[in-house]
>>> print(open('model_31.txt').read())   # compact mmCIF, C-alpha atoms
# COMPACT_ATOMS: atom_id res chain seq x y z
CA MET A 1 7.59 -12.99 10.72
CA ASP A 2 10.14 -12.37 7.97
CA LEU A 3 7.50 -10.62 5.90
CA VAL A 4 6.64 -8.28 8.77
CA ALA A 5 10.21 -7.58 9.83
CA GLY A 6 11.59 -7.41 6.32
CA TRP A 7 8.91 -5.62 4.35
CA MET A 8 5.90 -4.37 6.27
CA GLN A 9 7.80 -2.44 8.89
CA ALA A 10 9.86 -0.68 6.21
CA LEU A 11 6.79 -0.09 4.06
CA PHE A 12 4.84 1.56 6.88
CA ALA A 13 7.89 3.58 7.95
CA ALA A 14 8.12 4.86 4.37
CA LEU A 15 4.39 5.72 4.44
CA LEU A 16 4.93 7.67 7.65
CA ASN A 17 7.89 9.52 6.18
CA MET A 18 6.00 10.44 3.00
CA ALA A 19 2.92 11.64 4.89
CA LEU A 20 5.12 13.65 7.26
CA ALA A 21 6.93 15.20 4.30
CA ALA A 22 3.58 16.11 2.73
CA ALA A 23 2.40 17.72 5.98
CA VAL A 24 5.63 19.70 6.30
CA GLY A 25 5.32 20.78 2.66
CA VAL A 26 1.79 22.01 3.25
CA ALA A 27 2.92 23.92 6.35
CA VAL A 28 5.70 25.62 4.39
CA LEU A 29 3.38 26.48 1.51
CA GLN A 30 0.73 27.83 3.85
CA THR A 31 3.12 30.45 5.22
CA ALA A 32 3.80 31.69 1.68
CA VAL A 33 0.18 31.78 0.45
CA SER A 34 -2.00 34.81 0.99
CA SER A 35 -5.04 33.74 -1.03
CA THR A 36 -7.95 32.45 1.05
CA ALA A 37 -9.09 29.94 -1.57
CA THR A 38 -5.62 28.43 -1.85
CA SER A 39 -5.29 28.40 1.92
CA VAL A 40 -8.53 26.44 2.25
CA ARG A 41 -7.25 23.89 -0.28
CA LEU A 42 -3.99 23.59 1.67
CA VAL A 43 -5.92 22.91 4.87
CA GLY A 44 -7.72 20.07 3.08
CA MET A 45 -4.40 18.69 1.89
CA ALA A 46 -3.01 18.96 5.41
CA ARG A 47 -6.00 17.05 6.75
CA ARG A 48 -5.48 14.24 4.23
CA ALA A 49 -1.76 14.09 5.06
CA CYS A 50 -2.61 13.90 8.76
CA VAL A 51 -5.12 11.09 8.17
CA LEU A 52 -2.37 9.18 6.35
CA LEU A 53 -0.07 9.87 9.30
CA GLY A 54 -2.59 8.30 11.66
CA ILE A 55 -3.12 5.25 9.47
CA GLY A 56 0.62 4.86 8.99
CA LEU A 57 1.28 5.22 12.71
CA ALA A 58 -1.23 2.48 13.58
CA ALA A 59 0.17 0.16 10.90
CA TYR A 60 3.77 0.90 11.93
CA LEU A 61 2.90 0.14 15.55
CA CYS A 62 1.35 -3.20 14.61
CA ALA A 63 4.24 -4.18 12.33
CA GLY A 64 6.81 -3.08 14.90
CA THR A 65 5.03 -5.01 17.65
CA VAL A 66 4.92 -8.19 15.58
CA ALA A 67 8.60 -7.78 14.67
CA MET A 68 9.69 -7.13 18.28
CA THR A 69 7.57 -9.73 20.04
CA GLU A 70 7.24 -12.32 17.26
CA THR A 71 3.59 -12.72 18.19
CA LEU A 72 0.85 -14.16 16.05
CA ILE A 73 -2.15 -12.10 15.00
CA THR A 74 -4.22 -13.66 17.80
CA GLY A 75 -1.81 -12.38 20.43
CA LEU A 76 -1.46 -8.90 18.91
CA PRO A 77 -3.71 -6.99 21.36
CA ALA A 78 -1.80 -8.20 24.41
CA ALA A 79 1.53 -7.65 22.67
CA LEU A 80 0.49 -4.12 21.63
CA TRP A 81 -0.25 -3.18 25.22
CA LEU A 82 3.04 -4.70 26.35
CA VAL A 83 5.00 -2.75 23.74
CA LEU A 84 3.10 0.48 24.43
CA THR A 85 3.70 0.33 28.18
CA GLN A 86 7.06 -1.39 28.52
CA SER A 87 9.31 -0.13 25.71
CA HIS A 88 10.95 3.01 24.45
CA PHE A 89 9.31 2.34 21.07
CA GLY A 90 5.91 2.40 22.78
CA ALA A 91 6.70 5.62 24.63
CA MET A 92 7.55 7.30 21.34
CA ILE A 93 4.33 5.99 19.82
CA TRP A 94 2.46 7.75 22.65
CA VAL A 95 4.35 10.97 21.83
CA ALA A 96 3.54 10.54 18.13
CA LEU A 97 -0.12 9.89 18.97
CA THR A 98 -0.28 13.08 21.04
CA ALA A 99 1.35 15.04 18.21
CA TRP A 100 -1.04 13.46 15.69
CA ILE A 101 -4.03 14.54 17.79
CA MET A 102 -2.62 18.08 17.83
CA LEU A 103 -2.26 17.96 14.04
CA MET A 104 -5.83 16.75 13.58
CA VAL A 105 -7.20 19.43 15.92
CA ALA A 106 -5.20 22.03 13.99
CA THR A 107 -6.75 20.94 10.69
CA VAL A 108 -10.29 21.46 12.00
CA SER A 109 -9.61 24.59 14.06
CA SER A 110 -10.98 27.82 12.68
CA ALA A 111 -8.66 30.23 14.49
CA TRP A 112 -5.77 30.92 12.07
CA GLN A 113 -3.12 31.84 14.63
CA ILE A 114 -3.88 28.92 16.95
CA ARG A 115 -4.10 26.49 14.06
CA ASP A 116 -0.74 27.40 12.56
CA GLY A 117 1.04 27.26 15.93
CA LEU A 118 -0.60 23.99 16.92
CA PHE A 119 0.16 22.48 13.52
CA GLY A 120 3.82 23.48 13.79
CA VAL A 121 4.20 22.06 17.29
CA GLY A 122 2.44 18.88 16.22
CA LEU A 123 4.76 18.49 13.23
CA ILE A 124 7.85 18.94 15.36
CA GLY A 125 6.55 16.49 17.96
CA PHE A 126 5.61 13.89 15.37
CA ALA A 127 8.94 14.21 13.54
CA LEU A 128 10.85 13.85 16.81
CA ALA A 129 8.82 10.81 17.84
CA ARG A 130 9.20 9.29 14.38
CA ALA A 131 12.97 9.69 14.54
CA ALA A 132 13.08 8.22 18.03
CA THR A 133 11.17 5.07 17.03
CA GLY A 134 13.93 4.08 14.64
CA HIS A 135 17.54 3.13 15.14
CA ALA A 136 18.50 6.78 15.48
CA ALA A 137 17.37 6.44 19.11
CA ASP A 138 19.86 3.67 19.87
CA GLN A 139 22.02 6.35 21.50
CA GLY A 140 19.06 7.71 23.50
CA PHE A 141 15.99 9.82 22.91
CA VAL A 142 17.92 13.06 23.38
CA SER A 143 20.81 12.51 21.02
CA PHE A 144 22.38 14.12 17.99
CA SER A 145 21.11 11.29 15.77
CA VAL A 146 17.48 11.90 16.72
CA LEU A 147 17.89 15.66 16.32
CA ILE A 148 19.18 15.23 12.78
>>> encode(input="model_31.txt", output="structure tokens")
Amino acid sequence: MDLVAGWMQALFAALLNMALAAAVGVAVLQTAVSSTATSVRLVGMARRACVLLGIGLAAYLCAGTVAMTETLITGLPAALWLVLTQSHFGAMIWVALTAWIMLMVATVSSAWQIRDGLFGVGLIGFALARAATGHAADQGFVSFSVLI
């Protein structure tokens, strides 16, 4: 349990933060680029960053569940459902999952205006959920700490 609580949870949180930073960077660059070829490359980069976000979110959920419930790997499915349905952490994972789905849809959408708007909303939602899964949310989901 010490390995999960001490290292894995922090490692997957760092992976989430790096992938989120990459996705935000791509979104910022996309607004400044007018070339179609460069824009297509940025969409590919955004898709890869979003895939990493999904993998990181799943790993972070598993590590967080093990750390919170001190369950063994055999009891992980039941503990996952318990965490997802009975905790604030789980509620924020649902928000992050919804935002991740929006991000993935935006990376395969062909309509430029819809894609950019959906990607932006997905990024904001994911960043908010990511902040609220950490200790910033100790003062509540709607707090100055989470906003920062």
>>> atom_distance(input="model_31.txt", atom1="CA of Ala49 (chain A)", atom2="CA of Ala79 (chain A)")
28.2 Å
>>> atom_distance(input="model_31.txt", atom1="CA of Val28 (chain A)", atom2="CA of Ala132 (chain A)")
23.3 Å
>>> closest_residue(input="model_31.txt", among="A:Ala46, A:Met8, A:Ile93, A:Ala37", to="Arg115 (chain A)", atoms="only C-alpha atoms")
A:Ala46
>>> atom_distance(input="model_31.txt", atom1="CA of Val108 (chain A)", atom2="CA of Gly90 (chain A)")
27.2 Å
>>> closest_residue(input="model_31.txt", among="A:Ala22, A:Leu82, A:Leu118, A:Leu128", to="Cys62 (chain A)", atoms="all atoms listed in the file")
A:Leu82
>>> residues_around(input="model_31.txt", residues="region 63-76 of chain A", least_positions_apart="6", cutoff="12 Å", atoms="all atoms listed in the file", output="PyMOL selection string")
chain A and resi 1-13+56-57+82-90+93+133-134
>>> residues_around(input="model_31.txt", residues="Ala106 (chain A)", least_positions_apart="4", cutoff="12 Å", atoms="all atoms listed in the file", output="VMD selection string")
chain A and resid 23 27 43 to 44 46 to 47 50 99 to 102 110 to 123
>>> closest_residue(input="model_31.txt", among="A:Val40, A:Met92, A:Val51, A:Ala32", to="Leu20 (chain A)", atoms="all atoms listed in the file")
A:Val51
